Amino acid sequence: WLEGGQNRIVISDRYYLSSLVYQSSDDFPYASVLALNEKEKKPDIIFFIEVSDQICYERMKIRNQPEELFEKNLSDSRRKYHEAISFLRTHNHDNIVEIDGSGSINEVANAILQKIQAFEPIKLKSTSPQ
């Protein structure tokens, strides 16, 4: 699918940003987790949807699903995400766009779509002789 043309978009709700947050530790730092993912395709854009703890807990109440392990301390998870985002920007030069997720689904989706529409992928210069 990815090799079929320039106009294709693939969206994944989890990728190596989440891996850094949930699989790293003092004994297994971000760089080690990233090394495990080194053969994965680098995304053009990573979106981080920022939402307050209060809004997260309100939304979790209405979804009618049990709380997951990483949802027990949202402030700590958010801190880890921000640390991982900083690491990826610095060490992997990832294009990470933070989106305000406090609005409605349509508002958040529109904010993401605006960023996608404004995105200009870096064109690789041909190294072949002219």
# chains A, B, ... in the order shown; residues from 1 in each chain; ligands from 1

$ select_by_dssp --residues "chain A" --states "strand (DSSP E or B)" --output "list in words"
Ile46, Phe47, Phe48, Ile49, Glu50, Ile96, Val97, Glu98, Ile99 and Asp100 of chain A

$ write_last_selection --atoms "N, CA, C and O atoms" --output "PDB file, in the first residue's frame"
ATOM      1  N   ILE A  46       3.969  12.413  13.088  1.00  0.00           N
ATOM      2  CA  ILE A  46       3.431  11.759  14.275  1.00  0.00           C
ATOM      3  C   ILE A  46       2.553  12.796  14.964  1.00  0.00           C
ATOM      4  O   ILE A  46       3.001  13.904  15.254  1.00  0.00           O
ATOM      5  N   PHE A  47       1.308  12.443  15.213  1.00  0.00           N
ATOM      6  CA  PHE A  47       0.404  13.336  15.925  1.00  0.00           C
ATOM      7  C   PHE A  47       0.304  12.886  17.370  1.00  0.00           C
ATOM      8  O   PHE A  47       0.109  11.703  17.643  1.00  0.00           O
ATOM      9  N   PHE A  48       0.466  13.830  18.274  1.00  0.00           N
ATOM     10  CA  PHE A  48       0.224  13.569  19.692  1.00  0.00           C
ATOM     11  C   PHE A  48      -0.974  14.407  20.085  1.00  0.00           C
ATOM     12  O   PHE A  48      -0.931  15.637  20.015  1.00  0.00           O
ATOM     13  N   ILE A  49      -2.046  13.743  20.474  1.00  0.00           N
ATOM     14  CA  ILE A  49      -3.274  14.442  20.834  1.00  0.00           C
ATOM     15  C   ILE A  49      -3.243  14.695  22.337  1.00  0.00           C
ATOM     16  O   ILE A  49      -3.330  13.771  23.136  1.00  0.00           O
ATOM     17  N   GLU A  50      -3.079  15.949  22.682  1.00  0.00           N
ATOM     18  CA  GLU A  50      -2.938  16.387  24.074  1.00  0.00           C
ATOM     19  C   GLU A  50      -4.306  16.642  24.689  1.00  0.00           C
ATOM     20  O   GLU A  50      -5.092  17.425  24.155  1.00  0.00           O
ATOM     21  N   ILE A  96       6.845  15.762  14.839  1.00  0.00           N
ATOM     22  CA  ILE A  96       5.777  15.472  15.801  1.00  0.00           C
ATOM     23  C   ILE A  96       4.940  16.728  15.978  1.00  0.00           C
ATOM     24  O   ILE A  96       5.456  17.789  16.327  1.00  0.00           O
ATOM     25  N   VAL A  97       3.646  16.583  15.719  1.00  0.00           N
ATOM     26  CA  VAL A  97       2.708  17.692  15.804  1.00  0.00           C
ATOM     27  C   VAL A  97       1.767  17.419  16.974  1.00  0.00           C
ATOM     28  O   VAL A  97       1.140  16.363  17.037  1.00  0.00           O
ATOM     29  N   GLU A  98       1.716  18.376  17.890  1.00  0.00           N
ATOM     30  CA  GLU A  98       0.822  18.237  19.032  1.00  0.00           C
ATOM     31  C   GLU A  98      -0.501  18.917  18.704  1.00  0.00           C
ATOM     32  O   GLU A  98      -0.533  20.038  18.212  1.00  0.00           O
ATOM     33  N   ILE A  99      -1.583  18.189  18.970  1.00  0.00           N
ATOM     34  CA  ILE A  99      -2.935  18.646  18.659  1.00  0.00           C
ATOM     35  C   ILE A  99      -3.715  18.760  19.957  1.00  0.00           C
ATOM     36  O   ILE A  99      -3.659  17.865  20.807  1.00  0.00           O
ATOM     37  N   ASP A 100      -4.471  19.853  20.105  1.00  0.00           N
ATOM     38  CA  ASP A 100      -5.356  20.015  21.257  1.00  0.00           C
ATOM     39  C   ASP A 100      -6.534  19.057  21.084  1.00  0.00           C
ATOM     40  O   ASP A 100      -7.330  19.200  20.165  1.00  0.00           O
TER      41      ASP A 100
END

$ residues_around --residues "Phe87 of chain A" --least-positions-apart "2" --cutoff "12 Å" --atoms "only C-alpha atoms" --output "list in words"
Tyr16, Leu17, Leu20, Val21, Pro29, Tyr30, Ala31, Val33, Leu34, Lys80, Tyr81, His82, Glu83, Ala84, Ile85, Arg89, Thr90, His91, Asn92, His93, Asp94, Asn95 and Ile96 of chain A

$ closest_residue --among "A:Leu88, A:Tyr22, A:Ile45, A:Gly4" --to "Leu113 of chain A" --atoms "only C-alpha atoms"
A:Ile45

$ select_by_dssp --residues "segment 22-97 of chain A" --states "helix (DSSP H, G or I)" --output "VMD selection string"
chain A and resid 22 to 23 30 to 36 53 to 62 69 to 71 74 to 92

$ atom_distance --atom1 "atom CA of Ser102 of chain A" --atom2 "atom CA of Glu58 of chain A"
11.1 Å

$ atom_distance --atom1 "atom CA of Pro66 of chain A" --atom2 "atom CA of Gly103 of chain A"
23.5 Å

$ atom_distance --atom1 "atom CA of Ile105 of chain A" --atom2 "atom CA of Trp1 of chain A"
26.8 Å

$ decode --residues "segment 83-112 of chain A" --atoms "N, CA, C and O atoms" --output "mmCIF file, in the first residue's frame"
data_model
loop_
_atom_site.group_PDB
_atom_site.id
_atom_site.type_symbol
_atom_site.label_atom_id
_atom_site.label_comp_id
_atom_site.auth_asym_id
_atom_site.auth_seq_id
_atom_site.Cartn_x
_atom_site.Cartn_y
_atom_site.Cartn_z
ATOM 1 N N GLU A 83 8.538 13.458 27.347
ATOM 2 C CA GLU A 83 9.964 13.122 27.338
ATOM 3 C C GLU A 83 10.330 12.356 26.071
ATOM 4 O O GLU A 83 11.361 12.622 25.442
ATOM 5 N N ALA A 84 9.486 11.390 25.689
ATOM 6 C CA ALA A 84 9.743 10.594 24.490
ATOM 7 C C ALA A 84 9.654 11.462 23.235
ATOM 8 O O ALA A 84 10.441 11.289 22.291
ATOM 9 N N ILE A 85 8.708 12.401 23.201
ATOM 10 C CA ILE A 85 8.589 13.321 22.065
ATOM 11 C C ILE A 85 9.861 14.146 21.933
ATOM 12 O O ILE A 85 10.415 14.293 20.838
ATOM 13 N N SER A 86 10.357 14.659 23.032
ATOM 14 C CA SER A 86 11.597 15.437 23.012
ATOM 15 C C SER A 86 12.759 14.586 22.503
ATOM 16 O O SER A 86 13.568 15.039 21.682
ATOM 17 N N PHE A 87 12.839 13.355 22.982
ATOM 18 C CA PHE A 87 13.893 12.440 22.539
ATOM 19 C C PHE A 87 13.800 12.209 21.032
ATOM 20 O O PHE A 87 14.810 12.291 20.320
ATOM 21 N N LEU A 88 12.593 11.912 20.520
ATOM 22 C CA LEU A 88 12.435 11.624 19.097
ATOM 23 C C LEU A 88 12.732 12.846 18.229
ATOM 24 O O LEU A 88 13.310 12.715 17.154
ATOM 25 N N ARG A 89 12.342 14.007 18.696
ATOM 26 C CA ARG A 89 12.641 15.223 17.928
ATOM 27 C C ARG A 89 14.147 15.451 17.856
ATOM 28 O O ARG A 89 14.686 15.824 16.816
ATOM 29 N N THR A 90 14.825 15.227 18.956
ATOM 30 C CA THR A 90 16.260 15.484 19.034
ATOM 31 C C THR A 90 17.094 14.391 18.368
ATOM 32 O O THR A 90 17.995 14.686 17.590
ATOM 33 N N HIS A 91 16.779 13.136 18.670
ATOM 34 C CA HIS A 91 17.630 12.039 18.232
ATOM 35 C C HIS A 91 17.193 11.395 16.922
ATOM 36 O O HIS A 91 18.014 10.788 16.239
ATOM 37 N N ASN A 92 15.929 11.473 16.597
ATOM 38 C CA ASN A 92 15.415 10.805 15.401
ATOM 39 C C ASN A 92 14.890 11.803 14.365
ATOM 40 O O ASN A 92 14.490 11.414 13.291
ATOM 41 N N HIS A 93 14.865 13.075 14.759
ATOM 42 C CA HIS A 93 14.395 14.168 13.895
ATOM 43 C C HIS A 93 12.982 13.928 13.372
ATOM 44 O O HIS A 93 12.676 14.255 12.228
ATOM 45 N N ASP A 94 12.138 13.353 14.223
ATOM 46 C CA ASP A 94 10.751 13.098 13.837
ATOM 47 C C ASP A 94 9.945 14.383 13.806
ATOM 48 O O ASP A 94 10.169 15.297 14.601
ATOM 49 N N ASN A 95 9.005 14.430 12.896
ATOM 50 C CA ASN A 95 8.062 15.532 12.760
ATOM 51 C C ASN A 95 6.861 15.207 13.644
ATOM 52 O O ASN A 95 5.997 14.424 13.254
ATOM 53 N N ILE A 96 6.845 15.762 14.839
ATOM 54 C CA ILE A 96 5.777 15.472 15.801
ATOM 55 C C ILE A 96 4.940 16.728 15.978
ATOM 56 O O ILE A 96 5.456 17.789 16.327
ATOM 57 N N VAL A 97 3.646 16.583 15.719
ATOM 58 C CA VAL A 97 2.708 17.692 15.804
ATOM 59 C C VAL A 97 1.767 17.419 16.974
ATOM 60 O O VAL A 97 1.140 16.363 17.037
ATOM 61 N N GLU A 98 1.716 18.376 17.890
ATOM 62 C CA GLU A 98 0.822 18.237 19.032
ATOM 63 C C GLU A 98 -0.501 18.917 18.704
ATOM 64 O O GLU A 98 -0.533 20.038 18.212
ATOM 65 N N ILE A 99 -1.583 18.189 18.970
ATOM 66 C CA ILE A 99 -2.935 18.646 18.659
ATOM 67 C C ILE A 99 -3.715 18.760 19.957
ATOM 68 O O ILE A 99 -3.659 17.865 20.807
ATOM 69 N N ASP A 100 -4.471 19.853 20.105
ATOM 70 C CA ASP A 100 -5.356 20.015 21.257
ATOM 71 C C ASP A 100 -6.534 19.057 21.084
ATOM 72 O O ASP A 100 -7.330 19.200 20.165
ATOM 73 N N GLY A 101 -6.625 18.081 21.956
ATOM 74 C CA GLY A 101 -7.674 17.066 21.861
ATOM 75 C C GLY A 101 -8.871 17.326 22.749
ATOM 76 O O GLY A 101 -9.704 16.450 22.926
ATOM 77 N N SER A 102 -8.981 18.534 23.295
ATOM 78 C CA SER A 102 -10.080 18.804 24.227
ATOM 79 C C SER A 102 -11.399 19.073 23.524
ATOM 80 O O SER A 102 -12.448 19.058 24.167
ATOM 81 N N GLY A 103 -11.379 19.282 22.213
ATOM 82 C CA GLY A 103 -12.611 19.565 21.477
ATOM 83 C C GLY A 103 -13.369 18.296 21.122
ATOM 84 O O GLY A 103 -13.041 17.187 21.553
ATOM 85 N N SER A 104 -14.361 18.478 20.288
ATOM 86 C CA SER A 104 -15.164 17.343 19.818
ATOM 87 C C SER A 104 -14.351 16.494 18.853
ATOM 88 O O SER A 104 -13.278 16.907 18.382
ATOM 89 N N ILE A 105 -14.883 15.333 18.526
ATOM 90 C CA ILE A 105 -14.213 14.458 17.561
ATOM 91 C C ILE A 105 -14.015 15.199 16.247
ATOM 92 O O ILE A 105 -12.937 15.143 15.645
ATOM 93 N N ASN A 106 -15.040 15.894 15.792
ATOM 94 C CA ASN A 106 -14.929 16.639 14.531
ATOM 95 C C ASN A 106 -13.878 17.738 14.610
ATOM 96 O O ASN A 106 -13.125 17.956 13.654
ATOM 97 N N GLU A 107 -13.810 18.448 15.724
ATOM 98 C CA GLU A 107 -12.819 19.513 15.875
ATOM 99 C C GLU A 107 -11.402 18.966 15.846
ATOM 100 O O GLU A 107 -10.516 19.527 15.193
ATOM 101 N N VAL A 108 -11.182 17.866 16.544
ATOM 102 C CA VAL A 108 -9.854 17.259 16.580
ATOM 103 C C VAL A 108 -9.494 16.700 15.202
ATOM 104 O O VAL A 108 -8.385 16.912 14.700
ATOM 105 N N ALA A 109 -10.444 16.013 14.568
ATOM 106 C CA ALA A 109 -10.196 15.468 13.228
ATOM 107 C C ALA A 109 -9.879 16.586 12.239
ATOM 108 O O ALA A 109 -8.961 16.456 11.418
ATOM 109 N N ASN A 110 -10.603 17.696 12.315
ATOM 110 C CA ASN A 110 -10.342 18.822 11.417
ATOM 111 C C ASN A 110 -8.971 19.438 11.662
ATOM 112 O O ASN A 110 -8.283 19.822 10.711
ATOM 113 N N ALA A 111 -8.553 19.519 12.918
ATOM 114 C CA ALA A 111 -7.221 20.048 13.227
ATOM 115 C C ALA A 111 -6.138 19.152 12.621
ATOM 116 O O ALA A 111 -5.152 19.646 12.059
ATOM 117 N N ILE A 112 -6.339 17.854 12.709
ATOM 118 C CA ILE A 112 -5.380 16.910 12.134
ATOM 119 C C ILE A 112 -5.381 17.022 10.609
ATOM 120 O O ILE A 112 -4.325 17.083 9.978
#
